[in-house]
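S.K.: Below is the file structure_32.pdb, which contains PDB, C-alpha atoms.
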```pdb
ATOM      1  CA  MET A   1      -0.796 -37.504  -4.306
ATOM      2  CA  ALA A   2       2.791 -36.422  -3.795
ATOM      3  CA  TRP A   3       5.215 -36.773  -0.920
ATOM      4  CA  ILE A   4       7.487 -33.770  -0.524
ATOM      5  CA  GLU A   5      10.566 -33.908   1.644
ATOM      6  CA  VAL A   6      11.256 -30.499   3.179
ATOM      7  CA  HIS A   7      14.882 -29.800   4.060
ATOM      8  CA  ASP A   8      14.953 -26.355   5.670
ATOM      9  CA  ALA A   9      12.819 -23.652   7.267
ATOM     10  CA  ASP A  10      12.655 -21.514   4.097
ATOM     11  CA  GLU A  11      11.292 -24.448   2.139
ATOM     12  CA  ALA A  12       8.791 -25.158   4.935
ATOM     13  CA  VAL A  13       7.461 -21.615   4.564
ATOM     14  CA  ARG A  14       7.253 -21.924   0.755
ATOM     15  CA  GLN A  15       5.395 -25.239   1.003
ATOM     16  CA  GLY A  16       3.013 -24.048   3.739
ATOM     17  CA  MET A  17       4.272 -26.666   6.168
ATOM     18  CA  SER A  18       3.060 -26.115   9.726
ATOM     19  CA  GLY A  19       5.322 -28.659  11.385
ATOM     20  CA  SER A  20       5.871 -32.313  10.745
ATOM     21  CA  PRO A  21       3.781 -34.029   9.620
ATOM     22  CA  THR A  22       1.687 -31.646   7.508
ATOM     23  CA  LEU A  23      -1.000 -32.822   5.107
ATOM     24  CA  LEU A  24      -1.945 -30.417   2.331
ATOM     25  CA  LEU A  25      -5.085 -30.897   0.249
ATOM     26  CA  ASP A  26      -5.088 -28.732  -2.865
ATOM     27  CA  GLY A  27      -2.327 -26.676  -1.242
ATOM     28  CA  ALA A  28      -4.267 -26.008   1.970
ATOM     29  CA  ASP A  29      -3.747 -27.473   5.437
ATOM     30  CA  PRO A  30      -7.158 -28.798   6.557
ATOM     31  CA  PHE A  31      -5.917 -28.996  10.150
ATOM     32  CA  ALA A  32      -4.448 -25.484  10.349
ATOM     33  CA  THR A  33      -5.223 -23.516  13.462
ATOM     34  CA  GLU A  34      -4.938 -19.800  14.020
ATOM     35  CA  GLY A  35      -1.443 -18.737  14.994
ATOM     36  CA  LEU A  36       0.251 -21.904  13.718
ATOM     37  CA  GLN A  37       3.471 -20.832  12.025
ATOM     38  CA  ALA A  38       5.351 -22.527   9.236
ATOM     39  CA  GLY A  39       8.362 -24.538  10.280
ATOM     40  CA  LEU A  40      10.068 -27.891  10.635
ATOM     41  CA  SER A  41       9.218 -28.605  14.269
ATOM     42  CA  CYS A  42       7.242 -31.646  15.345
ATOM     43  CA  ARG A  43       3.526 -31.006  15.116
ATOM     44  CA  LEU A  44       0.798 -32.064  17.511
ATOM     45  CA  TYR A  45      -2.800 -32.522  16.451
ATOM     46  CA  ARG A  46      -5.563 -31.886  18.978
ATOM     47  CA  HIS A  47      -8.286 -34.525  19.086
ATOM     48  CA  ALA A  48     -11.968 -34.057  19.940
ATOM     49  CA  ASP A  49     -11.376 -35.475  23.447
ATOM     50  CA  GLY A  50      -8.697 -32.831  24.125
ATOM     51  CA  THR A  51      -5.701 -35.153  23.802
ATOM     52  CA  THR A  52      -2.877 -34.449  21.378
ATOM     53  CA  GLU A  53      -0.858 -36.790  19.185
ATOM     54  CA  GLY A  54       1.626 -36.580  16.341
ATOM     55  CA  ALA A  55      -1.019 -37.322  13.702
ATOM     56  CA  PRO A  56      -4.640 -36.381  13.063
ATOM     57  CA  ALA A  57      -7.303 -38.652  14.546
ATOM     58  CA  THR A  58      -8.427 -41.302  12.076
ATOM     59  CA  ALA A  59     -11.988 -39.922  12.087
ATOM     60  CA  ASP A  60     -10.741 -36.374  11.404
ATOM     61  CA  LEU A  61      -8.501 -37.567   8.591
ATOM     62  CA  HIS A  62     -11.358 -39.554   7.051
ATOM     63  CA  ARG A  63     -13.645 -36.514   7.289
ATOM     64  CA  VAL A  64     -11.265 -34.115   5.509
ATOM     65  CA  LEU A  65     -10.418 -36.670   2.814
ATOM     66  CA  THR A  66     -14.113 -37.297   2.197
ATOM     67  CA  GLU A  67     -14.972 -33.584   2.166
ATOM     68  CA  SER A  68     -12.167 -32.934  -0.336
ATOM     69  CA  GLY A  69     -13.377 -35.697  -2.660
ATOM     70  CA  VAL A  70     -10.284 -37.868  -2.224
ATOM     71  CA  LEU A  71     -12.462 -40.581  -0.665
ATOM     72  CA  PRO A  72     -15.999 -41.408  -1.822
TER      73      PRO A  72
END
```
Rewrite the structure of this file - the entire thing - as C-alpha cells.
M.R.:
Amino acid sequence: MAWIEVHDADEAVRQGMSGSPTLLLDGADPFATEGLQAGLSCRLYRHADGTTEGAPATADLHRVLTESGVLP
C-alpha cells in the first residue's frame, strides 16, 4: 500500500485521481462512476441508501478490499 500526495491537477490526471479522497486498487478506482473526471476537488461517495459522504461506506470499502484480495 502506498499513500500518494497529489499537488496539482496535472498530477491528479496522471494518477487517475477522481477527487479527494481517491482509493486506487491495482491502479483502478473501484468506486469510479461514469462521467467522473480527474481532479483535486472534494469527492462525494454515494451510499446504497442514496446519501452521500466524503468517504465510501464501510460495507462498500470492505467489499472492494475483499474482492481485490487485500482482505481475506
S.K.: Could you state the separation of CA of Leu61 in chain A and CA of Tyr45 in chain A in Å, given to one decimal place?
M.R.: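 Between CA of Leu61 in chain A and CA of Tyr45 in chain A the gap works out to 10.9 Å.
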S.K.: Can you list what the PyMOL selection byres ((chain A and resi 23) around 12) grabs from this structure, as a PDB file with C-alpha atoms, keeping the file's coordinate frame?
M.R.:
```pdb
ATOM      1  CA  MET A   1      -0.796 -37.504  -4.306  1.00  0.00           C
ATOM      2  CA  ALA A   2       2.791 -36.422  -3.795  1.00  0.00           C
ATOM      3  CA  TRP A   3       5.215 -36.773  -0.920  1.00  0.00           C
ATOM      4  CA  ILE A   4       7.487 -33.770  -0.524  1.00  0.00           C
ATOM      5  CA  GLN A  15       5.395 -25.239   1.003  1.00  0.00           C
ATOM      6  CA  GLY A  16       3.013 -24.048   3.739  1.00  0.00           C
ATOM      7  CA  MET A  17       4.272 -26.666   6.168  1.00  0.00           C
ATOM      8  CA  SER A  18       3.060 -26.115   9.726  1.00  0.00           C
ATOM      9  CA  GLY A  19       5.322 -28.659  11.385  1.00  0.00           C
ATOM     10  CA  SER A  20       5.871 -32.313  10.745  1.00  0.00           C
ATOM     11  CA  PRO A  21       3.781 -34.029   9.620  1.00  0.00           C
ATOM     12  CA  THR A  22       1.687 -31.646   7.508  1.00  0.00           C
ATOM     13  CA  LEU A  24      -1.945 -30.417   2.331  1.00  0.00           C
ATOM     14  CA  LEU A  25      -5.085 -30.897   0.249  1.00  0.00           C
ATOM     15  CA  ASP A  26      -5.088 -28.732  -2.865  1.00  0.00           C
ATOM     16  CA  GLY A  27      -2.327 -26.676  -1.242  1.00  0.00           C
ATOM     17  CA  ALA A  28      -4.267 -26.008   1.970  1.00  0.00           C
ATOM     18  CA  ASP A  29      -3.747 -27.473   5.437  1.00  0.00           C
ATOM     19  CA  PRO A  30      -7.158 -28.798   6.557  1.00  0.00           C
ATOM     20  CA  PHE A  31      -5.917 -28.996  10.150  1.00  0.00           C
ATOM     21  CA  ALA A  32      -4.448 -25.484  10.349  1.00  0.00           C
ATOM     22  CA  ARG A  43       3.526 -31.006  15.116  1.00  0.00           C
ATOM     23  CA  TYR A  45      -2.800 -32.522  16.451  1.00  0.00           C
ATOM     24  CA  ALA A  55      -1.019 -37.322  13.702  1.00  0.00           C
ATOM     25  CA  PRO A  56      -4.640 -36.381  13.063  1.00  0.00           C
ATOM     26  CA  LEU A  61      -8.501 -37.567   8.591  1.00  0.00           C
ATOM     27  CA  VAL A  64     -11.265 -34.115   5.509  1.00  0.00           C
ATOM     28  CA  LEU A  65     -10.418 -36.670   2.814  1.00  0.00           C
TER      29      LEU A  65
END
```
S.K.: What's the separation between CA of Val70 in chain A and CA of Gly50 in chain A, in Å to one decimal place?
M.R.: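 Spanning CA of Val70 in chain A to CA of Gly50 in chain A is a straight-line distance of 26.9 Å.
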S.K.: Let me have the centre and edge lengths in Å, one decimal, of the box along x, y and z around every listed atom of range 22-38 of chain A with 6 Å of margin on each side, as lines of an AutoDock Vina configuration file.
M.R.:
```
center_x = -0.9
center_y = -25.8
center_z = 6.1
size_x = 24.5
size_y = 26.1
size_z = 29.9
```
S.K.: Rank nothing, just name the residue among A:Glu34, A:Ser41, A:Gly54, A:Ser68 nearest to Ala9 in chain A, using all atoms listed in the file.
M.R.: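 Once distances to Ala9 in chain A are computed over all atoms listed in the file, the minimum belongs to A:Ser41.
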S.K.: Can you measure CA of Val6 in chain A to CA of Ala38 in chain A for me? One decimal in Å is fine.
M.R.: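 Result for CA of Val6 in chain A versus CA of Ala38 in chain A: 11.6 Å, one decimal.
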S.K.: From the block you just saw, export range 14-27 of chain A: all heavy atoms, as a compact mmCIF listing (two decimals), in the first residue's frame.
M.R.:
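File written: out-v5.txt
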```txt
# COMPACT_ATOMS: atom_id res chain seq x y z
N ARG A 14 -2.68 12.27 -14.14
CA ARG A 14 -1.70 11.19 -14.31
C ARG A 14 -1.94 10.04 -13.35
O ARG A 14 -1.77 8.88 -13.70
CB ARG A 14 -0.27 11.72 -14.13
CG ARG A 14 0.26 12.50 -15.29
CD ARG A 14 1.76 12.74 -15.17
NE ARG A 14 2.18 13.38 -13.93
CZ ARG A 14 2.16 14.69 -13.71
NH1 ARG A 14 1.73 15.52 -14.64
NH2 ARG A 14 2.58 15.19 -12.56
N GLN A 15 -2.35 10.35 -12.13
CA GLN A 15 -2.56 9.33 -11.11
C GLN A 15 -3.94 8.66 -11.21
O GLN A 15 -4.19 7.67 -10.55
CB GLN A 15 -2.38 9.92 -9.70
CG GLN A 15 -0.98 10.39 -9.41
CD GLN A 15 0.01 9.25 -9.27
OE1 GLN A 15 -0.34 8.10 -9.07
NE2 GLN A 15 1.27 9.58 -9.38
N GLY A 16 -4.84 9.25 -11.99
CA GLY A 16 -6.20 8.71 -12.08
C GLY A 16 -7.05 9.08 -10.89
O GLY A 16 -7.97 8.37 -10.51
N MET A 17 -6.77 10.23 -10.31
CA MET A 17 -7.47 10.68 -9.11
C MET A 17 -8.78 11.36 -9.50
O MET A 17 -8.78 12.33 -10.24
CB MET A 17 -6.58 11.65 -8.34
CG MET A 17 -7.16 12.12 -7.07
SD MET A 17 -5.94 13.15 -6.23
CE MET A 17 -6.96 13.78 -4.93
N SER A 18 -9.86 10.86 -8.97
CA SER A 18 -11.20 11.40 -9.28
C SER A 18 -11.74 12.21 -8.12
O SER A 18 -12.86 12.03 -7.68
CB SER A 18 -12.15 10.26 -9.60
OG SER A 18 -11.67 9.50 -10.68
N GLY A 19 -10.92 13.09 -7.58
CA GLY A 19 -11.32 13.88 -6.42
C GLY A 19 -10.69 13.30 -5.17
O GLY A 19 -10.11 12.22 -5.18
N SER A 20 -10.82 14.04 -4.10
CA SER A 20 -10.19 13.63 -2.85
C SER A 20 -11.25 13.27 -1.82
O SER A 20 -12.19 14.03 -1.59
CB SER A 20 -9.34 14.79 -2.33
OG SER A 20 -8.73 14.45 -1.12
N PRO A 21 -11.15 12.09 -1.25
CA PRO A 21 -10.11 11.08 -1.41
C PRO A 21 -10.42 10.11 -2.56
O PRO A 21 -11.57 9.87 -2.88
CB PRO A 21 -10.13 10.34 -0.09
CG PRO A 21 -11.57 10.38 0.33
CD PRO A 21 -12.07 11.72 -0.16
N THR A 22 -9.37 9.56 -3.16
CA THR A 22 -9.50 8.51 -4.16
C THR A 22 -8.70 7.32 -3.71
O THR A 22 -7.54 7.46 -3.31
CB THR A 22 -8.98 8.98 -5.54
OG1 THR A 22 -9.85 10.01 -6.03
CG2 THR A 22 -8.96 7.85 -6.55
N LEU A 23 -9.30 6.16 -3.77
CA LEU A 23 -8.64 4.89 -3.46
C LEU A 23 -8.43 4.15 -4.77
O LEU A 23 -9.38 3.96 -5.55
CB LEU A 23 -9.54 4.05 -2.54
CG LEU A 23 -9.13 2.60 -2.33
CD1 LEU A 23 -7.88 2.53 -1.47
CD2 LEU A 23 -10.26 1.83 -1.70
N LEU A 24 -7.18 3.78 -5.05
CA LEU A 24 -6.89 3.00 -6.25
C LEU A 24 -6.44 1.61 -5.83
O LEU A 24 -5.59 1.46 -4.95
CB LEU A 24 -5.79 3.66 -7.08
CG LEU A 24 -6.06 5.06 -7.60
CD1 LEU A 24 -4.84 5.59 -8.34
CD2 LEU A 24 -7.28 5.08 -8.51
N LEU A 25 -7.01 0.60 -6.44
CA LEU A 25 -6.59 -0.78 -6.22
C LEU A 25 -6.04 -1.30 -7.53
O LEU A 25 -6.75 -1.34 -8.53
CB LEU A 25 -7.78 -1.66 -5.77
CG LEU A 25 -8.38 -1.29 -4.42
CD1 LEU A 25 -9.65 -2.09 -4.17
CD2 LEU A 25 -7.37 -1.54 -3.31
N ASP A 26 -4.76 -1.64 -7.53
CA ASP A 26 -4.07 -2.04 -8.76
C ASP A 26 -4.24 -1.00 -9.85
O ASP A 26 -4.45 -1.32 -11.02
CB ASP A 26 -4.55 -3.41 -9.23
CG ASP A 26 -4.16 -4.52 -8.28
OD1 ASP A 26 -3.09 -4.43 -7.66
OD2 ASP A 26 -4.93 -5.49 -8.14
N GLY A 27 -4.21 0.28 -9.47
CA GLY A 27 -4.29 1.37 -10.43
C GLY A 27 -5.69 1.73 -10.89
O GLY A 27 -5.85 2.63 -11.71
```
